[in-house]
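Enquirer: Shown below is the structure under consideration.
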Amino acid sequence: MKRLTIYICFTLISLTGFGWGQTGHRAVGLIAERHLTAKARKNIAKILGQQSLAEVGTWMDEVRSDSTFNYMSDWHWVTIETGKTYDQSPKNPKGDVIATLEKIIAELGRHTLDKKAETDRVKILVHLVGDIHQPLHVGCCDDQGGNKVKVKWFRSESNLHRVWDSDMIDDTRLSFTELADFLGEPDAALAVEWQKKSVRDWADESMALRRAVYETGDGNLGYKYAYKHWPEAKLRMLQAGLRLAAVLNQIYG
C-alpha cells in the first residue's frame with residue numbers, strides 16, 4: 001500500500017512538472033553544444049539534422065499532449081526516500097529518471113539503434129539530464145515533487161515545483177542564450193570532476209539540496225528565497241550542460 005501511495009502521489013508530476021522550463025532546458029542544451037568535440041558535433045548533426053540540442057531539450061515536454069508518448073510520463077522524476085539510497089527505495093514499475101538515463105546511455109553507446117529510435121533517445125537524454133539536476137525531480141514525499149506545496153512568488157499564486165522550474169528563471173528576464181552565458185564556466189579541473197560523476201551521483205546531489213529547498217517560511221517567496229537559491233539553480237543547470245556534453249562526447253566523439 002505504501003508503494004502504491006508513493007506512485008499515485010507522484011503521478012501528477014508528469015502533468016505539472018517541467019524540469020527547468022523551456023528557458024532552462026534550452027540553456028542546458030546550448031551549454032552542452034558549446035562543449036562538444038568536433039566529431040561528436042558532426043555525428044549528432046547526422047541524427048538531429050537541423051535541430052540543435054537547445055531545441056530538442058524541450059521535446060519530452062512538448063509531446064505530453066500526444067497520448068502516444070504517455071509511456072514516458074514517469075521518466076521525468078524519481079522517488080528516493082530520505083535516509084535511503086535509490087536501491088533501497090521503492091521502484092516505480094513504469095520507470096524513473098535514473099533507470100531511463102542509465103538504459104538510454106547504454107543503448108546509445110552500443111550504436112545498434114535504427115535512426116528514429118536513436119533520434120528519440122538523444123532527445124530524451126538531453127531533457128532528462130536537465131530534469132535530474134532539478135532538486136524537486138528527485139522527490140521524497142507525497143507532495144508531487146513540491147507541486148502540492150502552495151506558495152506565493154512575489155504575491156502571485158504558485159507552488160514550490162514551479163518556483164524551481166520557471167519562476168526563478170523567468171524572473172531574470174533572460175533569454176536561454178543569455179542564461180547560458182550568465183551561467184559562466186568553471187575551471188577546467190572542476191569541470192572534469194563534475195563530468196566523472198555517475199547518473200546516481202547526480203541524483204544524490206539533488207537530494208542533498210532538498211531540505212534547504214523546502215525551507216519556505218510563511219510561503220511568501222521572493223527576493224530572499226531567490227538570493228539564497230538562485231546560485232544553486234545556476235550551478236545545477238551548468239553541471240547538467242557540462243555533463244550532457246561529456247556523455248555525448250563519450251558516445252559520439
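So you can find residues: chains in the C-alpha cells are A, B, ... in the order shown, residues in each start at 1, and ligands are numbered from 1 in order.
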Per DSSP on the backbone, filter stretch 42-105 of chain A down to the residues in helix (DSSP H, G or I) and report them as a JSON list (two decimals) with N, CA and C atoms, in the first residue's frame.
Expert:
[["chain", "number", "residue", "atom", "x", "y", "z"],
["A", 42, "LYS", "N", 29.56, 16.59, -35.25],
["A", 42, "LYS", "CA", 29.26, 16.12, -36.60],
["A", 42, "LYS", "C", 28.33, 14.91, -36.56],
["A", 43, "ASN", "N", 28.59, 13.97, -35.67],
["A", 43, "ASN", "CA", 27.75, 12.77, -35.59],
["A", 43, "ASN", "C", 26.35, 13.08, -35.08],
["A", 44, "ILE", "N", 26.25, 14.00, -34.13],
["A", 44, "ILE", "CA", 24.94, 14.37, -33.60],
["A", 44, "ILE", "C", 24.13, 15.10, -34.66],
["A", 45, "ALA", "N", 24.79, 15.90, -35.48],
["A", 45, "ALA", "CA", 24.10, 16.59, -36.57],
["A", 45, "ALA", "C", 23.49, 15.60, -37.55],
["A", 46, "LYS", "N", 24.12, 14.46, -37.73],
["A", 46, "LYS", "CA", 23.57, 13.43, -38.61],
["A", 46, "LYS", "C", 22.28, 12.86, -38.03],
["A", 47, "ILE", "N", 22.17, 12.86, -36.73],
["A", 47, "ILE", "CA", 21.00, 12.31, -36.06],
["A", 47, "ILE", "C", 19.87, 13.33, -35.97],
["A", 48, "LEU", "N", 20.21, 14.55, -35.56],
["A", 48, "LEU", "CA", 19.19, 15.57, -35.31],
["A", 48, "LEU", "C", 18.91, 16.46, -36.50],
["A", 53, "LEU", "N", 20.73, 20.93, -29.90],
["A", 53, "LEU", "CA", 20.45, 20.35, -28.59],
["A", 53, "LEU", "C", 19.55, 21.26, -27.78],
["A", 54, "ALA", "N", 19.71, 22.57, -27.95],
["A", 54, "ALA", "CA", 18.84, 23.51, -27.24],
["A", 54, "ALA", "C", 17.39, 23.34, -27.68],
["A", 55, "GLU", "N", 17.19, 23.11, -28.97],
["A", 55, "GLU", "CA", 15.82, 22.97, -29.49],
["A", 55, "GLU", "C", 15.18, 21.67, -29.02],
["A", 56, "VAL", "N", 15.90, 20.57, -29.07],
["A", 56, "VAL", "CA", 15.30, 19.28, -28.71],
["A", 56, "VAL", "C", 15.20, 19.11, -27.20],
["A", 59, "TRP", "N", 11.65, 18.72, -26.08],
["A", 59, "TRP", "CA", 10.81, 17.78, -26.81],
["A", 59, "TRP", "C", 9.97, 16.90, -25.89],
["A", 60, "MET", "N", 10.55, 16.40, -24.81],
["A", 60, "MET", "CA", 9.80, 15.50, -23.92],
["A", 60, "MET", "C", 8.62, 16.19, -23.25],
["A", 61, "ASP", "N", 8.70, 17.48, -23.05],
["A", 61, "ASP", "CA", 7.56, 18.21, -22.52],
["A", 61, "ASP", "C", 6.54, 18.51, -23.61],
["A", 62, "GLU", "N", 7.01, 18.79, -24.79],
["A", 62, "GLU", "CA", 6.10, 19.12, -25.90],
["A", 62, "GLU", "C", 5.22, 17.94, -26.30],
["A", 63, "VAL", "N", 5.74, 16.72, -26.21],
["A", 63, "VAL", "CA", 4.96, 15.55, -26.65],
["A", 63, "VAL", "C", 3.99, 15.05, -25.59],
["A", 64, "ARG", "N", 3.91, 15.70, -24.44],
["A", 64, "ARG", "CA", 2.95, 15.28, -23.41],
["A", 64, "ARG", "C", 1.52, 15.39, -23.91],
["A", 65, "SER", "N", 1.29, 16.25, -24.88],
["A", 65, "SER", "CA", -0.06, 16.42, -25.42],
["A", 65, "SER", "C", -0.46, 15.28, -26.35],
["A", 67, "SER", "N", -0.95, 11.38, -26.70],
["A", 67, "SER", "CA", -1.11, 10.19, -25.85],
["A", 67, "SER", "C", -0.20, 9.05, -26.28],
["A", 68, "THR", "N", 0.32, 9.11, -27.50],
["A", 68, "THR", "CA", 1.25, 8.08, -27.96],
["A", 68, "THR", "C", 2.47, 8.00, -27.06],
["A", 69, "PHE", "N", 2.80, 9.12, -26.44],
["A", 69, "PHE", "CA", 4.01, 9.19, -25.62],
["A", 69, "PHE", "C", 3.73, 9.12, -24.12],
["A", 70, "ASN", "N", 2.53, 8.69, -23.74],
["A", 70, "ASN", "CA", 2.18, 8.60, -22.32],
["A", 70, "ASN", "C", 3.12, 7.68, -21.55],
["A", 71, "TYR", "N", 3.69, 6.71, -22.23],
["A", 71, "TYR", "CA", 4.57, 5.76, -21.55],
["A", 71, "TYR", "C", 5.81, 6.43, -20.97],
["A", 72, "MET", "N", 6.11, 7.64, -21.42],
["A", 72, "MET", "CA", 7.30, 8.34, -20.93],
["A", 72, "MET", "C", 6.99, 9.25, -19.73],
["A", 73, "SER", "N", 5.74, 9.33, -19.32],
["A", 73, "SER", "CA", 5.34, 10.32, -18.32],
["A", 73, "SER", "C", 6.12, 10.22, -17.02],
["A", 74, "ASP", "N", 6.35, 9.01, -16.54],
["A", 74, "ASP", "CA", 7.01, 8.84, -15.25],
["A", 74, "ASP", "C", 8.53, 8.89, -15.32],
["A", 75, "TRP", "N", 9.05, 9.08, -16.51],
["A", 75, "TRP", "CA", 10.51, 9.08, -16.67],
["A", 75, "TRP", "C", 11.16, 10.38, -16.20],
["A", 76, "HIS", "N", 10.37, 11.41, -15.94],
["A", 76, "HIS", "CA", 10.91, 12.72, -15.60],
["A", 76, "HIS", "C", 11.39, 12.83, -14.16],
["A", 97, "VAL", "N", 13.60, 8.54, -13.77],
["A", 97, "VAL", "CA", 14.64, 9.27, -14.49],
["A", 97, "VAL", "C", 15.99, 8.58, -14.40],
["A", 98, "ILE", "N", 16.31, 7.95, -13.28],
["A", 98, "ILE", "CA", 17.60, 7.26, -13.15],
["A", 98, "ILE", "C", 17.66, 6.04, -14.05],
["A", 99, "ALA", "N", 16.66, 5.18, -13.92],
["A", 99, "ALA", "CA", 16.64, 3.95, -14.72],
["A", 99, "ALA", "C", 16.63, 4.27, -16.22],
["A", 100, "THR", "N", 15.87, 5.30, -16.60],
["A", 100, "THR", "CA", 15.78, 5.66, -18.01],
["A", 100, "THR", "C", 17.10, 6.19, -18.54],
["A", 101, "LEU", "N", 17.74, 7.08, -17.79],
["A", 101, "LEU", "CA", 19.03, 7.61, -18.23],
["A", 101, "LEU", "C", 20.07, 6.50, -18.37],
["A", 102, "GLU", "N", 20.16, 5.63, -17.38],
["A", 102, "GLU", "CA", 21.15, 4.56, -17.44],
["A", 102, "GLU", "C", 20.89, 3.65, -18.64],
["A", 103, "LYS", "N", 19.63, 3.36, -18.89],
["A", 103, "LYS", "CA", 19.26, 2.49, -20.01],
["A", 103, "LYS", "C", 19.57, 3.15, -21.35],
["A", 104, "ILE", "N", 19.20, 4.41, -21.50],
["A", 104, "ILE", "CA", 19.38, 5.09, -22.77],
["A", 104, "ILE", "C", 20.85, 5.33, -23.09],
["A", 105, "ILE", "N", 21.63, 5.69, -22.08],
["A", 105, "ILE", "CA", 23.06, 5.88, -22.30],
["A", 105, "ILE", "C", 23.71, 4.58, -22.78]]
Enquirer: Excluding same-chain residues fewer than 6 positions from stretch 225-233 of chain A, what lies within 8 Å of it counting only C-alpha atoms, as a list of chain:residue names?
Expert: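 Listed by chain and then number, they are A:Gln134, A:Trp164, A:Met168, A:Val213, A:Thr216.
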Enquirer: Kindly export the residues of the current selection with C-alpha atoms, as a compact mmCIF listing (two decimals), in the first residue's frame.
Expert:
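Output below, filename selection04.txt:
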# COMPACT_ATOMS: atom_id res chain seq x y z
CA GLN A 134 16.46 19.99 -10.71
CA TRP A 164 12.27 25.99 -9.33
CA MET A 168 13.19 31.97 -10.52
CA VAL A 213 14.70 23.85 -0.96
CA THR A 216 9.84 28.26 2.57
Enquirer: Ranking A:Asp96, A:Leu136, A:Ala106, A:Asp165 by minimum distance to A:Ala212 and counting only C-alpha atoms, which one comes first?
Expert: A:Leu136
Enquirer: Could you list, as a list in words, every residue within 12 Å of A:Asp201, counting only C-alpha atoms and ignoring same-chain residues fewer than 5 positions away?
Expert: Thr85, Tyr86, Ile98, Ile132, His133, Val138, Glu193, Trp194, Gln195, Lys196, Ser206, Met207, Ala208, Gln239 and Arg243 of chain A
Enquirer: Go ahead and write the residues just picked, C-alpha atoms, as a PDB file, in the first residue's frame.
Expert:
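Output file part_25.pdb follows:
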ATOM      1  CA  THR A  85      19.575   5.140  -1.403  1.00  0.00           C
ATOM      2  CA  TYR A  86      17.997   4.630  -4.803  1.00  0.00           C
ATOM      3  CA  ILE A  98      17.595   7.265 -13.146  1.00  0.00           C
ATOM      4  CA  ILE A 132      17.633  15.068 -12.774  1.00  0.00           C
ATOM      5  CA  HIS A 133      19.615  18.186 -11.862  1.00  0.00           C
ATOM      6  CA  VAL A 138      14.361  13.658  -7.117  1.00  0.00           C
ATOM      7  CA  GLU A 193      35.426  16.347 -11.574  1.00  0.00           C
ATOM      8  CA  TRP A 194      31.791  17.095 -12.341  1.00  0.00           C
ATOM      9  CA  GLN A 195      31.915  15.045 -15.527  1.00  0.00           C
ATOM     10  CA  LYS A 196      33.310  11.991 -13.722  1.00  0.00           C
ATOM     11  CA  SER A 206      19.790  16.890  -5.966  1.00  0.00           C
ATOM     12  CA  MET A 207      18.781  15.009  -2.828  1.00  0.00           C
ATOM     13  CA  ALA A 208      21.379  16.923  -0.822  1.00  0.00           C
ATOM     14  CA  GLN A 239      26.549  20.995 -14.266  1.00  0.00           C
ATOM     15  CA  ARG A 243      27.679  16.515 -18.035  1.00  0.00           C
TER      16      ARG A 243
END
Enquirer: Please report, as an NGL selection string, each residue of stretch 132-246 of chain A to which DSSP assigns strand (DSSP E or B) when run on this structure's backbone.
Expert: :A and (138-139 or 150-153 or 156-159 or 220-221)
Enquirer: Which residue gives the smallest distance to A:Gly24 among A:Lys150, A:Arg211, A:Arg155, A:His127, with only C-alpha atoms counted?
Expert: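 Answer, going by the shortest atom-to-atom distance: A:His127.
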Enquirer: Between A:Leu113, A:Val126, A:Val151, A:Ile80, which has the minimum distance to A:Asn92 (counting only C-alpha atoms)?
Expert: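 Closest to A:Asn92, using only C-alpha atoms: A:Ile80.
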Enquirer: So, with only C-alpha atoms as the atoms that count, which of A:Val78, A:Ala38, A:Leu242, A:Leu209 lies closest to A:Pro90?
Expert: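 Counting only C-alpha atoms, the residue closest to A:Pro90 is A:Val78.
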Enquirer: For a quick check of understanding, using only C-alpha atoms, which of A:Asp120, A:Glu185, A:Asp66, A:Asp204 has the smallest distance to A:Gly241?
Expert: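 Among the listed residues, the smallest separation from A:Gly241 belongs to A:Glu185.
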Enquirer: Considering only C-alpha atoms, return as JSON, numbers by chain whatever protein or nucleic-acid residues lie within 10 Å of A:Ala246, sequence-local ones (same chain, fewer than 5 positions apart) excluded.
Expert: {"A": [32, 35, 36, 37, 191, 192, 194, 195, 196, 240, 241, 251, 252, 253]}
Enquirer: As a ChimeraX atom specification, please: the residues near A:Ser156 (cut-off 12 Å, only C-alpha atoms, same-chain neighbours under 6 positions excluded).
Expert: /A:150,162-163,167,219-222
Enquirer: Give the answer as one residue: which of A:Arg26, A:His161, A:Lys197, A:Lys91 has the shortest atom-to-atom distance to A:Ser52, using only C-alpha atoms?
Expert: A:Arg26
